[in-house]
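So the structure is just underneath, and the comments pick up after that.
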Amino acid sequence: MSAVLDQPATTDDPFASLNAEQRAAVEHDIGAAVVRPLLVVAGAGSGKTSTLAHRVARLIQAGTDPQRILLLTFSRRAAGEMGQRASGVLQRLLRGGGGGYGAQTQVTLPWSGTFHAIGARLLREYAGRIGLDESFTIHDRGDSEDLMGLVRHEIGLTQTEKRFPLKGTCLSIYSRVVNSREPLEAVLQSTFPWCSEWEGQLKTLFGAYVDAKQEQNVLDYDDLLLFWSEMAGDPELGPEIGARFDHVLVDEYQDTNRLQASIISGMKPGGEGVMVVGDDAQSIYAFRGATVRNILDFPKGFSRPAEVITLERNYRSTQPILDASNAMIAGALERHAKTLWTDKASSIKPQLVLIPDEAEQARWVCNRILEHREAGIALTAQAVLFRAASHSAALELELMRRNIPFVKFGGLKFLEAAHIKDVLATLRFAQNPNGRMAGFRVAQLIPGIGPATATRLLDAVGEAADPLSAIEAFVPPAKSAADWEAFRALYRRLRTPGLRWPADIELVKAWYLPHLERMHDDFHVRAADVEQLAALAGGHATRESFLAEITLDPPEATSDRAGPPLLDEDYLILSTIHSSKGQEWKSVHVLNVVDGCIPSDMSTGNQDDIEEERRLLYVAMTRAREHLQLVVPNRFFIKQQAQMGDRHVYAARTRFITPAMLKHFDEHTWLSADTQQVRKPVPETVRMMVRDRARSVWK
């Protein structure tokens, strides 16, 4: 990854933009014989990315070889941004005469990437020493589900008299066990209680699933962390891998699971050179296996106690927004204490808007959005956030009625699109002929070949010493002869030694596009995605690296974007709160800020769940820069919950905003759709007087 240089600094000191706490983190133990572990508790909008990037630059300036820096992030984009910023700081250092690099040097961070991507690289490198074939391929979530489903069928769990969990649920249980490092029994009781009666059968299924992966030389996402963790914990391999890196830096540490934490502690049991950055108040991914305990317990997690530096200065929001956010998160039962502050003064408090129902909520939000637009706030600088994707249904209808364009984050994922899976399966089957899921999918793209014939083909390939010879000798049904010959020619080319990438994907594209046109009416839309995939392939050196990277860090969505077509250059952002993390807007509306939605009534089973819901609201509130509106409908619709079916319910303001916190908000009540106006509520003294008079009638 080559870093792109920042613009020249306005001062000779490249660290001049840092505040005192950020600078303390950047200078931590520079020059010390042993670098103590460091936790940077970075509040929302406190410049954690800049701090981490400056730390990388400072380490390199102090003489650390970039090859010996391991930088772990949760997206390739974050790793790239970190490299760009660090390189910019270094270039300013060089212009000022510091460091030992040439003035035109571009800094690369070869060990910068996501946990899964780095894990894949290390497993490829150490494969022979841990019993893996280095030609392994990586299953995405869909392929893993399909393999789980196939194994589930083969061992007879699809023919039980009682309902057995479906393949997706089985994979979720398996993944939670691996990532949480908890026994299956505990995971079933805490997260999947309706599956507890199947504990014995699930153990059998998971054992067969692991055997199937081994036989087919494939790994799933969880294996990339599991094998790395086992290597890190090995008395021989752990110290060897740890010794490769002088510094291990982890971004968004609050989002790590126990398996990821064990990787860090396994490589660096003393914590030397370990720096993690994160915010316990933004730990909101327990459903993925993340645990807030990692960041809460980090200071005492190594043989050397960690230093803790807290970043409290916020560069995003106004002080009234921070006051409300601070007050809300202060109710957390356990946290790293911090109080966010800013020099962005404002007289505008966050709004707490009381609304009769969801229909009125949609109308009020649209009115407010258009008011902001007329005041100069572009639609793209405004966002509407919600706890669950279904909560925006009424709003989407109102937006379309008013011709307000929008994009909703949470559309069809790139790797979930059938046509993308077809192309990747073809490449995977050429790369790893033992991968039955890929081969099964590809074979059935050929007209006239169904599951039975595809299974016969894969059995022949699996039994042959040379997979290509099995393909050449296979006799398909007569009606498939012509199409089979075209595939056989393609497979022969893909298995030819010396084929130069990305010629592979061009060959697959030429073979696949006629099938795509035959199978799908929206051929042109899907073909554009295939072209995008081919363009992405050109940025990789080999077929092997492309298949690994596209699986580990896929593009966000296909051409089938959620929401209306973007025919307008300006559009509103709709997003779940989970998807909004890391983003910011001038104006933020949060829908359904009521008990039952925030916290979700499906996430109140224990105190840990409730605390995560509190953090979720905190994340939503701290996305706002200037305007924050929390909308509280008195009546909202719940769809198909438990045995009660679809129904309207009445709700109260979320429990996370207590009466003592109301001083931080500007309360409003939406009177009716007819008046189309907002008026402050009746003062508490007047309400009490009316109540007392009404009661006196009965005395």
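Naming works like this for the structure tokens: A, B, ... for the chains as they're shown, residue 1 at the start of each chain, ligands 1 onward in shown order.
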Item to check | Spatial neighbours of Asp133 in chain A, max dist 10 Å, only C-alpha atoms, sep filter under 5 positions, as a PyMOL selection string | outcome: chain A and resi 123-124+126-128+214+217-218
Item to check | Contacts of range 220-225 of chain A at 6 Å (only C-alpha atoms; same-chain gap of 2+ positions) as an NGL selection string | outcome: :A and (116 or 119-120 or 138-139 or 227-229)
Checklist outcome for this item: Expressed in Å, the length from CA of Glu145 in chain A to CA of Ser190 in chain A is 22.1 Å
Item to check | Among listed residues A:Ser545, A:Gln84, A:Ser392, A:Gln583, nearest Gly45 in chain A (using only C-alpha atoms) | outcome: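 Ranked by minimum distance to Gly45 in chain A, first place goes to A:Gln583.
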Item to check | Residue set, range 62-277 of chain A restricted to helix (DSSP H, G or I), as a ChimeraX atom specification | outcome: /A:66-68,76-95,115-129,141-154,167-180,184-190,193-216,221-233,237-242,253-255,258-267
Checklist entry - Got a sec: who's within 12 Å of Ala44 in chain A, counting only C-alpha atoms, leaving out chain neighbours fewer than 4 positions off, as JSON, numbers by chain? => result {"A": [48, 49, 252, 277, 278, 279, 280, 281, 282, 283, 310, 311, 312, 313, 314, 315, 316, 317, 321, 322, 325, 326, 329, 338, 339, 340, 341, 342, 581, 582, 583, 584, 615, 618, 619, 620, 621, 622, 623, 624, 625]}
Checklist entry - Do you know which residues are at most 10 Å from Leu171 in chain A counting only C-alpha atoms, after dropping those on the same chain fewer than 5 positions away, and could you put them as a PyMOL selection string? => result chain A and resi 141+144-149+165-166+176-177+206+209
Just write the chosen residues, N, CA and C atoms, as a short mmCIF file (atom, residue, chain, number, x, y, z; two decimals), in the first residue's frame.
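Listing of out.cif after writing:
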```cif
data_model
loop_
_atom_site.label_atom_id
_atom_site.label_comp_id
_atom_site.auth_asym_id
_atom_site.auth_seq_id
_atom_site.Cartn_x
_atom_site.Cartn_y
_atom_site.Cartn_z
N ARG A 141 -19.34 -15.68 3.81
CA ARG A 141 -20.43 -16.10 4.69
C ARG A 141 -21.43 -17.00 3.96
N SER A 144 -20.03 -20.47 3.37
CA SER A 144 -19.95 -21.19 4.64
C SER A 144 -21.33 -21.71 5.05
N GLU A 145 -22.36 -20.91 4.85
CA GLU A 145 -23.72 -21.35 5.14
C GLU A 145 -24.09 -22.54 4.27
N ASP A 146 -23.74 -22.46 2.98
CA ASP A 146 -24.09 -23.55 2.07
C ASP A 146 -23.40 -24.85 2.47
N LEU A 147 -22.13 -24.76 2.85
CA LEU A 147 -21.42 -25.96 3.28
C LEU A 147 -22.02 -26.50 4.57
N MET A 148 -22.37 -25.62 5.50
CA MET A 148 -23.02 -26.06 6.73
C MET A 148 -24.34 -26.76 6.39
N GLY A 149 -25.07 -26.21 5.43
CA GLY A 149 -26.34 -26.81 5.02
C GLY A 149 -26.14 -28.17 4.38
N PRO A 165 -32.49 -26.23 13.72
CA PRO A 165 -32.06 -24.91 13.26
C PRO A 165 -31.59 -24.94 11.80
N LEU A 166 -31.93 -23.88 11.06
CA LEU A 166 -31.51 -23.79 9.66
C LEU A 166 -30.01 -23.53 9.57
N ARG A 176 -20.24 -17.93 16.93
CA ARG A 176 -20.24 -17.34 18.27
C ARG A 176 -19.39 -18.16 19.23
N VAL A 177 -19.46 -19.47 19.14
CA VAL A 177 -18.64 -20.32 20.00
C VAL A 177 -17.16 -20.08 19.74
N PHE A 206 -21.05 -29.64 13.95
CA PHE A 206 -19.88 -28.78 13.87
C PHE A 206 -18.60 -29.60 13.64
N TYR A 209 -18.69 -30.42 10.01
CA TYR A 209 -18.42 -29.20 9.23
C TYR A 209 -16.92 -28.93 9.18
#
```
Within 12 Å of range 257-262 of chain A, which residues of range 278-352 of chain A show up? Give each one with its shortest atom-to-atom distance in Å (one decimal) and the two atoms involved, counting only C-alpha atoms, rows by chain then rising residue number, as a tab-separated table.
```
residue	atom	partner	partner_atom	distance
A:Ser283	CA	A:Asn257	CA	10.8
A:Ile284	CA	A:Asn257	CA	11.8
A:Tyr285	CA	A:Asn257	CA	9.3
A:Ala286	CA	A:Asn257	CA	8.5
A:Phe287	CA	A:Asn257	CA	10.6
A:Arg288	CA	A:Asn257	CA	8.2
A:Gly289	CA	A:Asn257	CA	5.6
A:Ala290	CA	A:Asn257	CA	4.1
A:Thr291	CA	A:Asn257	CA	5.5
A:Val292	CA	A:Asn257	CA	8.4
A:Arg293	CA	A:Arg258	CA	8.7
A:Asn294	CA	A:Ala261	CA	6.8
A:Ile295	CA	A:Ala261	CA	9.4
A:Asp297	CA	A:Ala261	CA	10.7
A:Phe298	CA	A:Ala261	CA	9.2
A:Gly301	CA	A:Ala261	CA	9.6
A:Phe302	CA	A:Ser262	CA	11.1
```
Next on the checklist: Could you check the closest approach to Trp364 in chain A for each of A:His589, A:His247, A:Arg77, A:Arg635 and tell me which residue wins, using only C-alpha atoms?
Outcome noted: A:His589
Next on the checklist: What's around Asn634 in chain A at 7 Å? Count only C-alpha atoms, leave out sequence neighbours fewer than 6 positions away in its own chain, and write the answer as a PyMOL selection string.
Outcome noted: chain A and resi 355-357+650-652
Next on the checklist: Using DSSP assignments from the backbone, pull out every residue in range 337-427 of chain A that falls under strand (DSSP E) and give it to me as number ranges by chain.
Outcome noted: A: 351-357, 382-386, 406-409
Could you save the residues just selected, with all heavy atoms, as a compact mmCIF listing (two decimals), in the first residue's frame?
```
# COMPACT_ATOMS: atom_id res chain seq x y z
N GLN A 351 -32.90 18.69 20.43
CA GLN A 351 -34.35 18.68 20.57
C GLN A 351 -34.85 17.30 20.98
O GLN A 351 -34.39 16.28 20.47
CB GLN A 351 -35.02 19.08 19.25
CG GLN A 351 -34.91 20.55 18.92
CD GLN A 351 -35.73 20.89 17.69
OE1 GLN A 351 -35.59 20.26 16.64
NE2 GLN A 351 -36.59 21.88 17.81
N LEU A 352 -35.80 17.28 21.89
CA LEU A 352 -36.52 16.07 22.26
C LEU A 352 -37.97 16.31 21.83
O LEU A 352 -38.69 17.10 22.44
CB LEU A 352 -36.42 15.82 23.76
CG LEU A 352 -36.89 14.46 24.27
CD1 LEU A 352 -36.03 13.34 23.71
CD2 LEU A 352 -36.86 14.42 25.79
N VAL A 353 -38.37 15.64 20.75
CA VAL A 353 -39.64 15.96 20.09
C VAL A 353 -40.66 14.86 20.35
O VAL A 353 -40.44 13.70 19.99
CB VAL A 353 -39.42 16.13 18.57
CG1 VAL A 353 -40.72 16.61 17.91
CG2 VAL A 353 -38.29 17.12 18.30
N LEU A 354 -41.76 15.22 21.00
CA LEU A 354 -42.82 14.27 21.32
C LEU A 354 -43.84 14.26 20.19
O LEU A 354 -44.39 15.31 19.83
CB LEU A 354 -43.47 14.64 22.64
CG LEU A 354 -42.50 14.92 23.81
CD1 LEU A 354 -43.28 15.31 25.06
CD2 LEU A 354 -41.60 13.73 24.06
N ILE A 355 -44.11 13.08 19.64
CA ILE A 355 -44.93 12.92 18.43
C ILE A 355 -46.05 11.91 18.72
O ILE A 355 -45.82 10.92 19.42
CB ILE A 355 -44.05 12.39 17.27
CG1 ILE A 355 -42.92 13.35 16.97
CG2 ILE A 355 -44.87 12.12 16.03
CD1 ILE A 355 -43.29 14.57 16.18
N PRO A 356 -47.26 12.13 18.18
CA PRO A 356 -48.34 11.15 18.44
C PRO A 356 -48.05 9.75 17.92
O PRO A 356 -48.30 8.77 18.62
CB PRO A 356 -49.54 11.77 17.71
CG PRO A 356 -49.23 13.23 17.64
CD PRO A 356 -47.75 13.32 17.48
N ASP A 357 -47.55 9.62 16.68
CA ASP A 357 -47.35 8.27 16.12
C ASP A 357 -46.31 8.32 15.00
O ASP A 357 -45.75 9.38 14.70
CB ASP A 357 -48.67 7.69 15.60
CG ASP A 357 -49.36 8.60 14.58
OD1 ASP A 357 -48.65 9.26 13.79
OD2 ASP A 357 -50.60 8.67 14.58
N GLN A 382 -27.25 15.78 6.14
CA GLN A 382 -28.28 15.41 7.10
C GLN A 382 -28.46 13.89 7.08
O GLN A 382 -28.32 13.25 6.04
CB GLN A 382 -29.61 16.07 6.75
CG GLN A 382 -29.55 17.60 6.68
CD GLN A 382 -30.92 18.20 6.45
OE1 GLN A 382 -31.86 17.96 7.22
NE2 GLN A 382 -31.06 18.99 5.40
N ALA A 383 -28.78 13.34 8.23
CA ALA A 383 -29.00 11.89 8.33
C ALA A 383 -30.15 11.59 9.27
O ALA A 383 -30.42 12.33 10.21
CB ALA A 383 -27.74 11.19 8.83
N VAL A 384 -30.83 10.50 8.97
CA VAL A 384 -31.86 9.95 9.85
C VAL A 384 -31.40 8.57 10.29
O VAL A 384 -31.13 7.71 9.44
CB VAL A 384 -33.23 9.86 9.16
CG1 VAL A 384 -34.28 9.33 10.13
CG2 VAL A 384 -33.65 11.21 8.60
N LEU A 385 -31.29 8.37 11.59
CA LEU A 385 -30.78 7.12 12.14
C LEU A 385 -31.88 6.37 12.87
O LEU A 385 -32.81 6.98 13.40
CB LEU A 385 -29.61 7.39 13.09
CG LEU A 385 -28.48 8.27 12.56
CD1 LEU A 385 -27.38 8.42 13.61
CD2 LEU A 385 -27.90 7.69 11.27
N PHE A 386 -31.77 5.04 12.91
CA PHE A 386 -32.79 4.22 13.54
C PHE A 386 -32.16 2.93 14.04
O PHE A 386 -31.11 2.48 13.56
CB PHE A 386 -33.93 3.91 12.57
CG PHE A 386 -33.50 3.87 11.12
CD1 PHE A 386 -32.98 2.71 10.57
CD2 PHE A 386 -33.60 5.00 10.33
CE1 PHE A 386 -32.57 2.68 9.25
CE2 PHE A 386 -33.19 4.98 9.00
CZ PHE A 386 -32.67 3.81 8.45
N PHE A 406 -33.10 9.85 -1.36
CA PHE A 406 -32.37 9.35 -0.20
C PHE A 406 -31.62 8.08 -0.56
O PHE A 406 -31.94 7.40 -1.54
CB PHE A 406 -33.33 9.06 0.97
CG PHE A 406 -34.32 7.96 0.71
CD1 PHE A 406 -34.03 6.63 1.02
CD2 PHE A 406 -35.57 8.24 0.15
CE1 PHE A 406 -34.94 5.62 0.78
CE2 PHE A 406 -36.49 7.23 -0.10
CZ PHE A 406 -36.17 5.91 0.22
N VAL A 407 -30.63 7.76 0.23
CA VAL A 407 -29.92 6.49 0.15
C VAL A 407 -29.98 5.86 1.52
O VAL A 407 -29.71 6.51 2.53
CB VAL A 407 -28.44 6.68 -0.27
CG1 VAL A 407 -27.66 5.38 -0.07
CG2 VAL A 407 -28.36 7.10 -1.72
N LYS A 408 -30.35 4.59 1.56
CA LYS A 408 -30.45 3.87 2.82
C LYS A 408 -29.31 2.86 2.91
O LYS A 408 -29.19 1.98 2.07
CB LYS A 408 -31.80 3.15 2.92
CG LYS A 408 -31.99 2.39 4.23
CD LYS A 408 -33.38 1.75 4.26
CE LYS A 408 -33.59 0.97 5.55
NZ LYS A 408 -34.93 0.34 5.59
N PHE A 409 -28.48 3.01 3.92
CA PHE A 409 -27.38 2.09 4.10
C PHE A 409 -27.92 0.77 4.63
O PHE A 409 -28.61 0.72 5.63
CB PHE A 409 -26.33 2.67 5.04
CG PHE A 409 -25.50 3.72 4.37
CD1 PHE A 409 -25.93 5.03 4.34
CD2 PHE A 409 -24.32 3.39 3.74
CE1 PHE A 409 -25.18 6.02 3.72
CE2 PHE A 409 -23.56 4.36 3.11
CZ PHE A 409 -23.99 5.68 3.10
```
Next on the checklist: Could you list, as a VMD selection string, every residue within 9 Å of Leu188 in chain A, counting only C-alpha atoms and ignoring same-chain residues fewer than 6 positions away?
Outcome noted: chain A and resid 173 194 to 196 199
Take the residues from that selection and write them out as a PDB file, in the first residue's frame, keeping N, CA, C and O atoms.
```pdb
ATOM      1  N   ILE A 173     -24.301 -19.932  15.406  1.00  0.00           N
ATOM      2  CA  ILE A 173     -23.956 -20.558  16.681  1.00  0.00           C
ATOM      3  C   ILE A 173     -22.487 -20.980  16.672  1.00  0.00           C
ATOM      4  O   ILE A 173     -21.735 -20.712  17.617  1.00  0.00           O
ATOM      5  N   TRP A 194     -33.553 -21.144  22.133  1.00  0.00           N
ATOM      6  CA  TRP A 194     -34.515 -21.999  21.444  1.00  0.00           C
ATOM      7  C   TRP A 194     -33.837 -23.202  20.772  1.00  0.00           C
ATOM      8  O   TRP A 194     -34.506 -24.123  20.304  1.00  0.00           O
ATOM      9  N   CYS A 195     -32.500 -23.194  20.748  1.00  0.00           N
ATOM     10  CA  CYS A 195     -31.759 -24.296  20.132  1.00  0.00           C
ATOM     11  C   CYS A 195     -31.109 -25.212  21.169  1.00  0.00           C
ATOM     12  O   CYS A 195     -30.391 -26.149  20.796  1.00  0.00           O
ATOM     13  N   SER A 196     -31.336 -24.955  22.458  1.00  0.00           N
ATOM     14  CA  SER A 196     -30.634 -25.691  23.508  1.00  0.00           C
ATOM     15  C   SER A 196     -30.881 -27.193  23.445  1.00  0.00           C
ATOM     16  O   SER A 196     -29.996 -27.994  23.771  1.00  0.00           O
ATOM     17  N   GLU A 199     -28.216 -29.504  21.508  1.00  0.00           N
ATOM     18  CA  GLU A 199     -26.785 -29.355  21.796  1.00  0.00           C
ATOM     19  C   GLU A 199     -25.965 -30.539  21.272  1.00  0.00           C
ATOM     20  O   GLU A 199     -24.924 -30.356  20.632  1.00  0.00           O
TER      21      GLU A 199
END
```
Checklist entry - Which one is closest to Glu463 in chain A: A:Glu185, A:Asn434, A:Leu547, A:Ile263? Count only C-alpha atoms. => result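 The shortest atom-to-atom distance to Glu463 in chain A comes from A:Asn434.
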Item to check | Two-atom distance - CA of Ala32 in chain A, CA of Arg58 in chain A (Å) | outcome: 13.5 Å
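You can rank A:Arg55, A:Lys213, A:Lys167, A:Arg653 by their closest distance to Glu27 in chain A using only C-alpha atoms, and at the top of that list sits A:Arg55.
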Checklist entry - Could you state the separation of CA of Ile369 in chain A and CA of Pro599 in chain A in Å, given to one decimal place? => result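 Atom-to-atom, CA of Ile369 in chain A and CA of Pro599 in chain A are spaced 25.3 Å apart.
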Next on the checklist: Between A:Leu616, A:Val276, A:Ile577, A:Val41, which residue has the minimum interatomic distance to Phe656 in chain A, considering only C-alpha atoms?
Outcome noted: A:Leu616
Checklist entry - What's the 10 Å shell around Phe429 in chain A, counting only C-alpha atoms, without same-chain residues fewer than 4 positions away, as an NGL selection string? => result :A and (137 or 424-425 or 433-443 or 491 or 494-495)
Selection export as a CSV table (one decimal), in the first residue's frame, atoms kept: C-alpha atoms:
```csv
chain,number,residue,atom,x,y,z
A,137,THR,CA,-9.3,-20.9,-0.4
A,424,LEU,CA,-16.0,-15.8,-7.9
A,425,ALA,CA,-17.1,-19.5,-7.7
A,433,PRO,CA,-10.7,-28.1,-7.4
A,434,ASN,CA,-11.5,-29.7,-4.0
A,435,GLY,CA,-13.8,-26.8,-3.1
A,436,ARG,CA,-17.1,-28.6,-3.6
A,437,MET,CA,-19.3,-25.6,-2.9
A,438,ALA,CA,-17.7,-23.5,-5.7
A,439,GLY,CA,-17.8,-26.5,-8.1
A,440,PHE,CA,-21.4,-27.3,-7.3
A,441,ARG,CA,-22.5,-23.7,-8.1
A,442,VAL,CA,-20.4,-23.5,-11.3
A,443,ALA,CA,-21.6,-26.8,-12.7
A,491,TYR,CA,-11.3,-24.7,-17.2
A,494,LEU,CA,-7.7,-21.5,-16.1
A,495,ARG,CA,-5.6,-24.4,-15.0
```
